[in-house]
>>> print(open('protein.cif').read())   # mmCIF, C-alpha atoms
data_data
loop_
_atom_site.label_atom_id
_atom_site.label_comp_id
_atom_site.auth_asym_id
_atom_site.auth_seq_id
_atom_site.Cartn_x
_atom_site.Cartn_y
_atom_site.Cartn_z
CA MET A 1 0.00 0.00 0.00
CA VAL A 2 1.31 3.48 -0.94
CA GLU A 3 0.42 6.31 1.36
CA TYR A 4 0.15 9.78 -0.21
CA LYS A 5 0.67 12.89 1.91
CA ASN A 6 0.33 16.63 1.17
CA MET A 7 3.67 18.30 0.44
CA HIS A 8 4.36 21.69 2.08
CA SER A 9 6.17 24.40 0.19
CA ASP A 10 8.34 25.50 3.07
CA GLU A 11 11.94 25.33 1.86
CA ASN A 12 13.34 24.29 5.23
CA LYS A 13 10.93 21.36 5.42
CA HIS A 14 11.93 20.32 1.90
CA HIS A 15 15.55 20.46 2.95
CA LYS A 16 14.85 18.26 5.99
CA LYS A 17 12.88 15.80 3.89
CA ARG A 18 15.73 15.54 1.38
CA LYS A 19 18.06 14.78 4.28
CA ILE A 20 15.70 12.13 5.63
CA PHE A 21 15.22 10.59 2.18
CA LEU A 22 18.98 10.54 1.62
CA PHE A 23 19.48 8.94 5.04
CA PHE A 24 17.00 6.15 4.32
CA SER A 25 18.42 5.61 0.83
CA LEU A 26 21.92 5.22 2.26
CA ALA A 27 20.57 2.98 5.01
CA SER A 28 18.88 0.75 2.43
CA LEU A 29 22.08 0.49 0.42
CA LEU A 30 23.97 -0.35 3.61
CA VAL A 31 21.49 -3.15 4.41
CA VAL A 32 21.93 -4.61 0.93
CA ALA A 33 25.72 -4.41 1.20
CA ILE A 34 25.76 -6.04 4.65
CA THR A 35 23.36 -8.78 3.55
CA VAL A 36 25.33 -9.70 0.45
CA ALA A 37 28.52 -9.58 2.50
CA ALA A 38 26.95 -12.04 4.94
CA VAL A 39 26.30 -14.47 2.11
CA VAL A 40 29.81 -14.05 0.75
CA GLY A 41 31.30 -14.34 4.24
CA SER A 42 29.47 -17.61 4.66
CA GLN A 43 31.09 -18.87 1.46
CA LYS A 44 34.56 -17.82 2.55
CA SER A 45 34.19 -19.32 6.02
CA LYS A 46 33.76 -22.69 4.34
CA GLY A 47 37.14 -22.26 2.75
CA GLY A 48 35.78 -21.81 -0.74
CA GLY A 49 37.11 -19.25 -3.19
CA GLY A 50 33.78 -18.66 -4.86
CA GLY A 51 32.67 -15.74 -2.70
CA SER A 52 32.54 -13.17 -5.49
CA ALA A 53 30.83 -15.65 -7.81
CA ALA A 54 28.17 -16.42 -5.19
CA GLN A 55 27.71 -12.71 -4.57
CA ALA A 56 27.08 -12.10 -8.26
CA VAL A 57 24.58 -14.97 -8.49
CA VAL A 58 22.64 -13.84 -5.41
CA LYS A 59 22.55 -10.19 -6.48
CA SER A 60 21.47 -10.92 -10.05
CA THR A 61 18.82 -13.43 -8.97
CA CYS A 62 17.37 -11.15 -6.29
CA ALA A 63 17.39 -8.19 -8.69
CA ALA A 64 14.56 -9.87 -10.63
CA THR A 65 12.20 -9.69 -7.63
CA LEU A 66 9.85 -6.95 -6.40
CA TYR A 67 11.48 -7.06 -2.96
CA PRO A 68 15.24 -7.45 -3.57
CA GLU A 69 16.29 -6.43 -0.05
CA LEU A 70 13.98 -9.06 1.43
CA CYS A 71 15.39 -11.58 -1.03
CA LEU A 72 18.97 -10.82 0.06
CA SER A 73 18.12 -10.98 3.76
CA THR A 74 16.31 -14.29 3.16
CA ILE A 75 19.47 -15.86 1.74
CA ALA A 76 21.60 -14.38 4.53
CA ALA A 77 19.25 -15.93 7.10
CA MET A 78 20.20 -19.41 5.86
CA PRO A 79 24.03 -19.36 5.90
CA GLU A 80 24.41 -23.14 5.60
CA ALA A 81 22.41 -23.19 2.36
CA ALA A 82 23.96 -19.92 1.19
CA SER A 83 27.41 -21.48 1.44
CA ARG A 84 26.46 -23.92 -1.33
CA ILE A 85 25.03 -21.40 -3.80
CA LYS A 86 26.38 -21.81 -7.31
CA SER A 87 23.38 -20.99 -9.50
CA SER A 88 20.12 -19.06 -9.58
CA LYS A 89 18.30 -22.33 -8.94
CA ASP A 90 20.22 -22.63 -5.64
CA VAL A 91 19.08 -19.13 -4.66
CA LEU A 92 15.51 -20.05 -5.57
CA MET A 93 15.55 -23.29 -3.55
CA THR A 94 17.06 -21.50 -0.54
CA ALA A 95 14.35 -18.82 -0.69
CA LEU A 96 11.66 -21.48 -1.10
CA ASN A 97 12.88 -23.43 1.95
CA TYR A 98 12.94 -20.23 4.01
CA THR A 99 9.40 -19.43 2.88
CA ILE A 100 8.14 -22.89 3.88
CA THR A 101 9.66 -22.45 7.35
CA THR A 102 8.10 -18.99 7.71
CA VAL A 103 4.66 -20.24 6.65
CA GLY A 104 4.93 -22.98 9.28
CA HIS A 105 5.63 -20.35 11.96
CA ASN A 106 2.65 -18.35 10.71
CA TYR A 107 0.37 -21.35 11.14
CA PHE A 108 1.20 -21.62 14.83
CA THR A 109 0.88 -17.84 15.28
CA VAL A 110 -2.69 -17.95 13.95
CA LYS A 111 -3.47 -21.05 16.01
CA LYS A 112 -2.24 -19.34 19.20
CA LEU A 113 -4.29 -16.24 18.41
CA ALA A 114 -7.44 -18.34 17.95
CA ALA A 115 -6.84 -20.10 21.27
CA LYS A 116 -5.97 -16.93 23.20
CA ARG A 117 -8.87 -14.73 22.08
CA LYS A 118 -11.92 -15.87 24.06
CA SER A 119 -14.35 -13.11 23.02
CA LEU A 120 -14.26 -13.65 19.26
CA THR A 121 -17.46 -13.46 17.23
CA VAL A 122 -18.57 -16.40 15.11
CA ARG A 123 -17.32 -14.65 11.97
CA GLU A 124 -13.94 -13.74 13.52
CA ARG A 125 -13.41 -17.30 14.70
CA GLY A 126 -14.47 -18.51 11.26
CA ALA A 127 -11.99 -16.13 9.61
CA LEU A 128 -9.15 -17.51 11.74
CA HIS A 129 -10.22 -21.04 10.80
CA ASP A 130 -10.22 -20.00 7.13
CA CYS A 131 -6.70 -18.62 7.55
CA LEU A 132 -5.47 -21.89 9.04
CA GLU A 133 -6.98 -23.76 6.10
CA MET A 134 -5.37 -21.39 3.60
CA ILE A 135 -1.99 -21.53 5.36
CA ASP A 136 -2.22 -25.32 5.25
CA ASP A 137 -2.99 -25.10 1.52
CA THR A 138 0.00 -22.78 1.11
CA LEU A 139 2.30 -25.34 2.74
CA ASP A 140 1.01 -28.04 0.38
CA GLU A 141 1.50 -25.77 -2.63
CA LEU A 142 5.04 -24.81 -1.60
CA HIS A 143 6.02 -28.43 -0.88
CA ASP A 144 4.58 -29.46 -4.27
CA SER A 145 6.62 -26.66 -5.86
CA LYS A 146 9.75 -27.90 -4.10
CA SER A 147 9.19 -31.44 -5.39
CA GLU A 148 8.77 -30.14 -8.94
CA LEU A 149 11.87 -27.95 -8.69
CA LYS A 150 14.00 -30.88 -7.53
CA ASN A 151 13.36 -32.47 -10.93
CA TYR A 152 14.17 -29.25 -12.77
CA GLY A 153 17.31 -29.78 -14.84
CA LEU A 154 17.15 -33.59 -14.92
CA LYS A 155 17.63 -35.30 -18.27
CA ASN A 156 14.05 -36.43 -18.88
CA TYR A 157 12.39 -33.42 -17.25
CA SER A 158 10.54 -31.24 -19.76
CA LEU A 159 10.52 -27.69 -18.49
CA SER A 160 7.68 -26.55 -20.76
CA ASP A 161 5.44 -29.32 -19.39
CA HIS A 162 5.81 -28.11 -15.81
CA VAL A 163 6.30 -24.33 -15.94
CA ASP A 164 2.61 -23.54 -15.86
CA LYS A 165 1.93 -25.93 -12.98
CA LEU A 166 4.68 -24.33 -10.89
CA LYS A 167 3.52 -20.80 -11.66
CA THR A 168 -0.01 -21.77 -10.65
CA LEU A 169 1.17 -23.34 -7.38
CA LEU A 170 3.32 -20.35 -6.42
CA SER A 171 0.68 -17.83 -7.47
CA ALA A 172 -1.96 -19.65 -5.40
CA ALA A 173 0.36 -19.65 -2.37
CA GLN A 174 0.70 -15.89 -2.72
CA THR A 175 -3.04 -15.30 -3.21
CA ASN A 176 -3.86 -17.29 -0.06
CA GLN A 177 -2.25 -14.61 2.11
CA GLU A 178 -4.54 -11.89 0.76
CA SER A 179 -7.59 -14.16 0.97
CA CYS A 180 -6.82 -14.81 4.64
CA LEU A 181 -6.86 -11.09 5.41
CA ASP A 182 -10.05 -10.58 3.37
CA GLY A 183 -11.91 -12.54 6.03
CA PHE A 184 -11.35 -9.68 8.50
CA SER A 185 -12.68 -6.86 6.30
CA HIS A 186 -16.40 -6.81 7.19
CA ASP A 187 -16.33 -4.26 10.02
CA GLY A 188 -14.02 -2.43 12.45
CA ALA A 189 -14.00 -5.24 15.01
CA ASP A 190 -13.01 -7.77 12.35
CA LYS A 191 -10.24 -5.50 11.10
CA LYS A 192 -8.87 -5.13 14.63
CA VAL A 193 -8.49 -8.91 14.93
CA GLY A 194 -7.02 -9.09 11.42
CA SER A 195 -4.42 -6.43 12.24
CA ALA A 196 -2.67 -8.95 14.50
CA LEU A 197 -2.03 -11.10 11.42
CA LEU A 198 -1.25 -8.36 8.91
CA LYS A 199 2.53 -8.22 9.36
CA GLY A 200 3.04 -12.00 9.17
CA GLN A 201 0.69 -12.52 6.23
CA MET A 202 2.20 -9.70 4.18
CA HIS A 203 5.70 -10.98 4.95
CA VAL A 204 4.75 -14.38 3.52
CA PHE A 205 3.01 -12.66 0.58
CA ARG A 206 6.27 -10.88 -0.32
CA LEU A 207 8.33 -14.04 0.14
CA CYS A 208 6.00 -15.93 -2.22
CA SER A 209 6.14 -13.02 -4.67
CA ASN A 210 9.94 -13.19 -4.69
CA VAL A 211 10.00 -16.96 -5.22
CA LEU A 212 7.53 -16.65 -8.09
CA ALA A 213 9.51 -13.81 -9.70
CA MET A 214 12.79 -15.74 -9.42
CA PHE A 215 11.25 -18.85 -10.92
CA LYS A 216 9.70 -16.92 -13.80
CA ASN A 217 12.94 -15.10 -14.56
CA ILE A 218 15.03 -18.29 -14.49
CA THR A 219 12.64 -20.33 -16.64
CA ASP A 220 11.95 -17.51 -19.12
CA ALA A 221 15.68 -17.06 -19.69
CA GLU A 222 16.34 -20.79 -20.05
CA MET A 223 13.44 -21.39 -22.40
CA ALA A 224 14.45 -18.42 -24.54
CA ALA A 225 18.01 -19.79 -24.71
CA ASN A 226 16.67 -23.20 -25.75
CA GLY A 227 14.39 -21.70 -28.38
CA ASP A 228 11.33 -23.09 -26.58
CA SER A 229 8.03 -21.97 -28.10
CA PHE A 230 6.00 -22.77 -25.00
CA VAL A 231 2.96 -20.53 -24.54
CA GLU A 232 1.59 -20.04 -21.05
CA ARG A 233 -1.79 -21.70 -20.39
CA ARG A 234 -4.45 -19.15 -19.63
CA LEU A 235 -7.85 -19.58 -18.04
CA GLY A 236 -9.81 -18.77 -21.19
CA GLU A 237 -7.39 -20.28 -23.70
CA GLU A 238 -9.31 -22.34 -26.23
CA ASN A 239 -8.56 -24.58 -29.16
CA GLU A 240 -10.40 -24.66 -32.47
CA HIS A 241 -13.30 -26.59 -30.89
CA GLU A 242 -13.80 -23.90 -28.19
CA TRP A 243 -12.45 -26.11 -25.39
CA PRO A 244 -9.52 -25.20 -23.13
CA LYS A 245 -6.36 -26.76 -24.55
CA TRP A 246 -5.46 -28.33 -21.20
CA LEU A 247 -8.74 -30.31 -21.09
CA SER A 248 -8.15 -33.88 -22.29
CA ALA A 249 -10.15 -35.44 -25.11
CA GLY A 250 -11.55 -38.00 -22.68
CA ASP A 251 -12.84 -35.31 -20.33
CA ARG A 252 -14.40 -33.41 -23.23
CA ARG A 253 -16.30 -36.55 -24.18
CA LEU A 254 -17.52 -36.97 -20.59
CA LEU A 255 -18.79 -33.40 -20.55
CA GLN A 256 -20.72 -33.82 -23.82
CA ALA A 257 -21.84 -37.46 -23.79
CA SER A 258 -25.60 -38.11 -23.74
CA THR A 259 -25.08 -40.82 -21.12
CA VAL A 260 -22.30 -41.24 -18.57
CA THR A 261 -21.73 -44.33 -16.43
CA PRO A 262 -21.24 -43.15 -12.83
CA ASP A 263 -19.23 -44.76 -10.06
CA VAL A 264 -21.95 -43.87 -7.52
CA THR A 265 -25.35 -42.17 -7.54
CA VAL A 266 -26.79 -39.61 -5.13
CA ALA A 267 -30.58 -39.47 -4.75
CA ALA A 268 -32.50 -37.61 -2.06
CA ASP A 269 -35.29 -40.22 -2.20
CA GLY A 270 -32.92 -43.04 -1.26
CA SER A 271 -32.88 -44.72 -4.68
CA GLY A 272 -29.12 -44.20 -5.08
CA ASN A 273 -25.98 -45.13 -3.16
CA TYR A 274 -26.15 -41.98 -1.01
CA ARG A 275 -28.79 -39.47 0.05
CA THR A 276 -26.38 -36.52 0.29
CA ILE A 277 -23.65 -35.24 -1.99
CA SER A 278 -21.29 -34.72 0.96
CA ALA A 279 -21.54 -38.41 1.86
CA ALA A 280 -20.65 -39.41 -1.70
CA VAL A 281 -17.66 -37.05 -1.73
CA GLU A 282 -16.46 -38.38 1.63
CA ALA A 283 -16.58 -41.96 0.31
CA ALA A 284 -14.73 -41.12 -2.93
CA PRO A 285 -11.13 -42.36 -3.30
CA GLU A 286 -8.33 -40.03 -2.25
CA ARG A 287 -5.73 -38.67 -4.69
CA SER A 288 -7.34 -40.58 -7.54
CA THR A 289 -5.53 -40.49 -10.87
CA ARG A 290 -8.63 -41.62 -12.77
CA ARG A 291 -11.93 -39.83 -13.19
CA TYR A 292 -14.41 -40.68 -10.38
CA ILE A 293 -17.98 -39.85 -11.41
CA ILE A 294 -20.76 -38.97 -8.98
CA ARG A 295 -24.20 -38.79 -10.58
CA ILE A 296 -26.62 -36.49 -8.76
CA LYS A 297 -30.27 -37.21 -9.55
CA ALA A 298 -32.86 -34.46 -9.99
CA GLY A 299 -33.78 -32.63 -6.81
CA ALA A 300 -32.81 -29.80 -4.47
CA TYR A 301 -29.92 -30.77 -2.19
CA ARG A 302 -29.81 -28.36 0.76
CA GLU A 303 -26.23 -28.71 1.95
CA ASN A 304 -22.82 -27.08 1.90
CA VAL A 305 -20.43 -29.31 0.00
CA GLU A 306 -16.62 -29.23 0.07
CA ILE A 307 -14.36 -31.23 -2.22
CA PRO A 308 -11.14 -31.39 -0.14
CA ARG A 309 -7.63 -31.16 -1.57
CA ARG A 310 -7.12 -34.92 -1.23
CA LYS A 311 -10.19 -35.67 -3.40
CA THR A 312 -8.81 -35.26 -6.91
CA ASN A 313 -10.38 -35.89 -10.34
CA LEU A 314 -13.98 -35.96 -9.12
CA MET A 315 -16.87 -35.23 -11.48
CA PHE A 316 -20.46 -34.21 -10.70
CA VAL A 317 -23.05 -35.19 -13.31
CA GLY A 318 -26.52 -33.77 -12.75
CA ASP A 319 -29.82 -34.34 -14.53
CA GLY A 320 -29.82 -30.80 -15.88
CA ARG A 321 -29.32 -27.24 -14.68
CA GLY A 322 -32.41 -26.09 -12.89
CA THR A 323 -33.20 -29.76 -12.22
CA THR A 324 -30.26 -30.85 -10.07
CA ILE A 325 -29.76 -28.00 -7.60
CA ILE A 326 -27.22 -27.72 -4.77
CA THR A 327 -28.42 -24.90 -2.53
CA ALA A 328 -27.58 -23.23 0.79
CA SER A 329 -27.67 -19.74 2.28
CA ARG A 330 -24.51 -18.96 4.27
CA ASN A 331 -23.61 -15.26 4.15
CA VAL A 332 -21.45 -12.59 5.76
CA VAL A 333 -24.22 -10.74 7.61
CA ASP A 334 -25.29 -13.87 9.47
CA GLY A 335 -21.73 -14.56 10.63
CA SER A 336 -19.96 -16.43 7.85
CA THR A 337 -16.85 -15.24 6.03
CA THR A 338 -16.99 -14.75 2.27
CA PHE A 339 -14.57 -17.66 1.89
CA ASN A 340 -16.69 -20.01 3.99
CA SER A 341 -20.07 -18.88 2.65
CA ALA A 342 -19.74 -21.00 -0.50
CA THR A 343 -22.51 -23.52 -1.12
CA VAL A 344 -19.95 -25.66 -2.96
CA ALA A 345 -16.19 -25.28 -2.39
CA VAL A 346 -13.82 -27.11 -4.73
CA VAL A 347 -10.26 -27.60 -3.48
CA GLY A 348 -9.30 -30.94 -5.07
CA ASP A 349 -7.61 -30.52 -8.46
CA GLY A 350 -9.11 -31.81 -11.69
CA PHE A 351 -12.76 -31.27 -10.75
CA LEU A 352 -15.45 -31.39 -13.45
CA ALA A 353 -19.19 -30.67 -13.29
CA ARG A 354 -21.99 -30.72 -15.84
CA ASP A 355 -25.75 -30.12 -15.77
CA VAL A 356 -25.83 -28.80 -12.19
CA THR A 357 -27.07 -25.57 -10.57
CA PHE A 358 -24.96 -24.11 -7.74
CA GLN A 359 -27.06 -21.71 -5.67
CA ASN A 360 -26.82 -19.44 -2.64
CA THR A 361 -30.26 -18.13 -1.65
CA ALA A 362 -29.12 -15.41 0.79
CA GLY A 363 -30.78 -12.17 -0.33
CA PRO A 364 -29.11 -8.90 -1.37
CA SER A 365 -29.27 -7.53 2.20
CA LYS A 366 -26.96 -10.35 3.35
CA HIS A 367 -24.00 -9.02 1.28
CA GLN A 368 -21.36 -11.59 0.29
CA ALA A 369 -22.86 -15.04 -0.27
CA VAL A 370 -20.92 -17.33 -2.61
CA ALA A 371 -22.58 -20.04 -4.69
CA LEU A 372 -19.35 -21.65 -5.94
CA ARG A 373 -15.75 -21.26 -4.78
CA VAL A 374 -12.92 -22.89 -6.71
CA ASN A 375 -9.45 -23.30 -5.20
CA ALA A 376 -8.56 -26.15 -7.53
CA ASP A 377 -6.48 -26.20 -10.69
CA LEU A 378 -7.63 -27.83 -13.94
CA SER A 379 -11.36 -27.56 -13.18
CA ALA A 380 -14.18 -27.16 -15.69
CA PHE A 381 -17.93 -26.55 -15.56
CA TYR A 382 -20.24 -27.35 -18.49
CA ARG A 383 -23.93 -26.45 -18.75
CA CYS A 384 -23.97 -25.27 -15.13
CA ASP A 385 -25.76 -22.34 -13.47
CA MET A 386 -24.27 -20.31 -10.60
CA LEU A 387 -26.91 -18.26 -8.81
CA ALA A 388 -26.50 -15.74 -5.97
CA TYR A 389 -26.79 -12.00 -5.30
CA GLN A 390 -23.22 -10.99 -4.41
CA ASP A 391 -19.85 -12.68 -5.03
CA THR A 392 -21.65 -15.51 -6.83
CA PHE A 393 -18.46 -17.16 -8.08
CA ARG A 394 -15.08 -16.96 -6.37
CA ASP A 395 -11.92 -18.29 -7.98
CA SER A 396 -9.30 -18.33 -5.24
CA ARG A 397 -6.67 -20.03 -7.40
CA LEU A 398 -5.73 -16.96 -9.42
#
>>> encode(input="protein.cif", output="structure tokens")
Amino acid sequence: MVEYKNMHSDENKHHKKRKIFLFFSLASLLVVAITVAAVVGSQKSKGGGGGSAAQAVVKSTCAATLYPELCLSTIAAMPEAASRIKSSKDVLMTALNYTITTVGHNYFTVKKLAAKRKSLTVRERGALHDCLEMIDDTLDELHDSKSELKNYGLKNYSLSDHVDKLKTLLSAAQTNQESCLDGFSHDGADKKVGSALLKGQMHVFRLCSNVLAMFKNITDAEMAANGDSFVERRLGEENEHEWPKWLSAGDRRLLQASTVTPDVTVAADGSGNYRTISAAVEAAPERSTRRYIIRIKAGAYRENVEIPRRKTNLMFVGDGRGTTIITASRNVVDGSTTFNSATVAVVGDGFLARDVTFQNTAGPSKHQAVALRVNADLSAFYRCDMLAYQDTFRDSRL
């Protein structure tokens, strides 16, 4: 956030301000110099002669970030790892490990705050719970990124096949920090509770921003050097048949087929395997690599449904929009957070839905009331309705 202030014309004040500005500029340069020196000193203390080389790598890699001073201090805070830096990838991995550690500390900070504050409202307690969930998601996303980066540079590892996945993971980790703070924006009391988290969340936001910037700079340069013609996948990117290019031919057929054979059926009248959608989701396999299809017969299902991160490649098949309806009414005015107000929340990657209506019936006076929230990558909705008055659809992955 940039704060703008009125400038006075008094010459003496201008002179003082120039002095102050010069002081802070010199102080910032001194911090950078000390930080880089700390990294180089770490190299020399190990008996290596690559101090100047490491210094150049760290400075050039951090220069590509929005917060270079934070980047330099991050590397200096991990002297053992800094002593082994030989490439930009080493700087990136060191920064990523530091970020993972910091996010872990943040989790316990939020948990302590939730336990210590006894007079929290339902919404404030819900917002803290949302933050814990998002921090947990962030840890998963950063660990997944680390696993992908370990393969980066190996003989059979295709960079162009994985760049978009890594950018999505790192971008989602960054977005989670803002989404956490959004839960404390309803009124002054909420904001007061949220202020206790602001410093830690924004610190992680900047760390994630730096990691993402470093990764993008490294991969862009390498792909340009290799003559790679990879084009970044975008949300609305379509092929000649008006389908997203990342959607497989098999999934396209499932979305368009006149009949689909389900794994299980949900029916409110008891004629299926389950009476509720939540029960069917709970019974679905975890981390499935194949498509698991849940047919939802015609009817109004009054429930809040969450597809957790561990439930991957699920598909909802309804009997038609306006016929198969998932409906609920959580909203901000009645004590929910925007994040947690969703009638259906999708967190597990690879989710598909067709011929279903997602609905939140909270009226306009109830403010934010989400019908569908998507935190998952590689998800698609075909012939579906999303109905609500405010914040109908929320994509928390971008």
>>> residues_around(input="protein.cif", residues="segment 213-219 of chain A", least_positions_apart="2", cutoff="8 Å", atoms="all atoms listed in the file", output="number ranges by chain")
A: 61-62, 64-66, 88-89, 92, 159, 163, 167, 209-211, 221-223
>>> resolve_selection(input="protein.cif", expression="the PyMOL selection byres ((chain A and resi 342-351) around 6)", output="PyMOL selection string")
chain A and resi 304-315+328+340-341+352+370-379
>>> resolve_selection(input="protein.cif", expression="the PyMOL selection byres ((chain A and resi 168-185) around 6)", output="list in words")
Ala127, Cys131, Met134, Thr138, Glu141, Lys165, Leu166, Lys167, His186, Asp187, Asp190, Lys191, Gly194, Gln201, Phe205, Cys208, Leu212, Thr337 and Arg397 of chain A
>>> atom_distance(input="protein.cif", atom1="atom CA of Thr94 of chain A", atom2="atom CA of Thr109 of chain A")
22.9 Å
>>> atom_distance(input="protein.cif", atom1="atom CA of Arg253 of chain A", atom2="atom CA of Thr323 of chain A")
21.8 Å
>>> atom_distance(input="protein.cif", atom1="atom CA of Ala76 of chain A", atom2="atom CA of Gly200 of chain A")
19.3 Å
>>> closest_residue(input="protein.cif", among="A:Ser365, A:Tyr292, A:Val110, A:Ser83", to="Pro262 of chain A", atoms="only C-alpha atoms")
A:Tyr292
>>> residues_around(input="protein.cif", residues="Leu96 of chain A", least_positions_apart="2", cutoff="9 Å", atoms="only C-alpha atoms", output="MDAnalysis selection string")
chainID A and resid 91:94 98:101 142:143 145:146 207:208 211
>>> closest_residue(input="protein.cif", among="A:Ser336, A:Ser329, A:Asn151, A:Ser278", to="Ala362 of chain A", atoms="only C-alpha atoms")
A:Ser329
>>> residues_around(input="protein.cif", residues="Ala257 of chain A", least_positions_apart="4", cutoff="12 Å", atoms="all atoms listed in the file", output="PyMOL selection string")
chain A and resi 249-253+261+317+354-355+382
>>> residues_around(input="protein.cif", residues="Val332 of chain A", least_positions_apart="5", cutoff="7 Å", atoms="only C-alpha atoms", output="ChimeraX atom specification")
/A:337-338,366-369
>>> closest_residue(input="protein.cif", among="A:Asp385, A:Glu286, A:Asp130, A:Glu69", to="Lys111 of chain A", atoms="all atoms listed in the file")
A:Asp130
>>> decode(input="protein.cif", residues="segment 86-105 of chain A", atoms="N, CA and C atoms", output="PDB file, in the first residue's frame")
ATOM      1  N   LYS A  86      25.586 -21.873  -6.085  1.00  0.00           N
ATOM      2  CA  LYS A  86      26.384 -21.810  -7.308  1.00  0.00           C
ATOM      3  C   LYS A  86      25.568 -21.318  -8.503  1.00  0.00           C
ATOM      4  N   SER A  87      24.238 -21.361  -8.378  1.00  0.00           N
ATOM      5  CA  SER A  87      23.380 -20.985  -9.502  1.00  0.00           C
ATOM      6  C   SER A  87      22.124 -20.291  -8.996  1.00  0.00           C
ATOM      7  N   SER A  88      21.383 -19.712  -9.935  1.00  0.00           N
ATOM      8  CA  SER A  88      20.121 -19.064  -9.582  1.00  0.00           C
ATOM      9  C   SER A  88      19.124 -20.061  -9.013  1.00  0.00           C
ATOM     10  N   LYS A  89      19.195 -21.304  -9.486  1.00  0.00           N
ATOM     11  CA  LYS A  89      18.302 -22.327  -8.941  1.00  0.00           C
ATOM     12  C   LYS A  89      18.591 -22.553  -7.453  1.00  0.00           C
ATOM     13  N   ASP A  90      19.860 -22.482  -7.061  1.00  0.00           N
ATOM     14  CA  ASP A  90      20.220 -22.634  -5.644  1.00  0.00           C
ATOM     15  C   ASP A  90      19.630 -21.498  -4.809  1.00  0.00           C
ATOM     16  N   VAL A  91      19.672 -20.284  -5.354  1.00  0.00           N
ATOM     17  CA  VAL A  91      19.082 -19.134  -4.658  1.00  0.00           C
ATOM     18  C   VAL A  91      17.578 -19.354  -4.503  1.00  0.00           C
ATOM     19  N   LEU A  92      16.952 -19.795  -5.585  1.00  0.00           N
ATOM     20  CA  LEU A  92      15.507 -20.049  -5.572  1.00  0.00           C
ATOM     21  C   LEU A  92      15.128 -21.105  -4.540  1.00  0.00           C
ATOM     22  N   MET A  93      15.861 -22.212  -4.499  1.00  0.00           N
ATOM     23  CA  MET A  93      15.555 -23.285  -3.550  1.00  0.00           C
ATOM     24  C   MET A  93      15.766 -22.829  -2.103  1.00  0.00           C
ATOM     25  N   THR A  94      16.807 -22.023  -1.882  1.00  0.00           N
ATOM     26  CA  THR A  94      17.057 -21.498  -0.536  1.00  0.00           C
ATOM     27  C   THR A  94      15.910 -20.594  -0.096  1.00  0.00           C
ATOM     28  N   ALA A  95      15.469 -19.721  -0.995  1.00  0.00           N
ATOM     29  CA  ALA A  95      14.351 -18.823  -0.688  1.00  0.00           C
ATOM     30  C   ALA A  95      13.062 -19.608  -0.464  1.00  0.00           C
ATOM     31  N   LEU A  96      12.862 -20.662  -1.243  1.00  0.00           N
ATOM     32  CA  LEU A  96      11.657 -21.484  -1.096  1.00  0.00           C
ATOM     33  C   LEU A  96      11.649 -22.202   0.253  1.00  0.00           C
ATOM     34  N   ASN A  97      12.789 -22.752   0.647  1.00  0.00           N
ATOM     35  CA  ASN A  97      12.879 -23.430   1.952  1.00  0.00           C
ATOM     36  C   ASN A  97      12.624 -22.455   3.108  1.00  0.00           C
ATOM     37  N   TYR A  98      13.166 -21.255   2.982  1.00  0.00           N
ATOM     38  CA  TYR A  98      12.941 -20.233   4.015  1.00  0.00           C
ATOM     39  C   TYR A  98      11.456 -19.871   4.091  1.00  0.00           C
ATOM     40  N   THR A  99      10.822 -19.765   2.929  1.00  0.00           N
ATOM     41  CA  THR A  99       9.397 -19.425   2.879  1.00  0.00           C
ATOM     42  C   THR A  99       8.552 -20.508   3.531  1.00  0.00           C
ATOM     43  N   ILE A 100       8.872 -21.769   3.264  1.00  0.00           N
ATOM     44  CA  ILE A 100       8.144 -22.888   3.877  1.00  0.00           C
ATOM     45  C   ILE A 100       8.249 -22.823   5.401  1.00  0.00           C
ATOM     46  N   THR A 101       9.459 -22.559   5.898  1.00  0.00           N
ATOM     47  CA  THR A 101       9.662 -22.446   7.350  1.00  0.00           C
ATOM     48  C   THR A 101       8.843 -21.298   7.933  1.00  0.00           C
ATOM     49  N   THR A 102       8.839 -20.170   7.238  1.00  0.00           N
ATOM     50  CA  THR A 102       8.100 -18.992   7.708  1.00  0.00           C
ATOM     51  C   THR A 102       6.595 -19.246   7.727  1.00  0.00           C
ATOM     52  N   VAL A 103       6.089 -19.916   6.700  1.00  0.00           N
ATOM     53  CA  VAL A 103       4.656 -20.240   6.649  1.00  0.00           C
ATOM     54  C   VAL A 103       4.283 -21.157   7.813  1.00  0.00           C
ATOM     55  N   GLY A 104       5.165 -22.105   8.136  1.00  0.00           N
ATOM     56  CA  GLY A 104       4.928 -22.984   9.281  1.00  0.00           C
ATOM     57  C   GLY A 104       4.824 -22.207  10.582  1.00  0.00           C
ATOM     58  N   HIS A 105       5.701 -21.212  10.766  1.00  0.00           N
ATOM     59  CA  HIS A 105       5.632 -20.353  11.959  1.00  0.00           C
ATOM     60  C   HIS A 105       4.318 -19.569  11.981  1.00  0.00           C
TER      61      HIS A 105
END
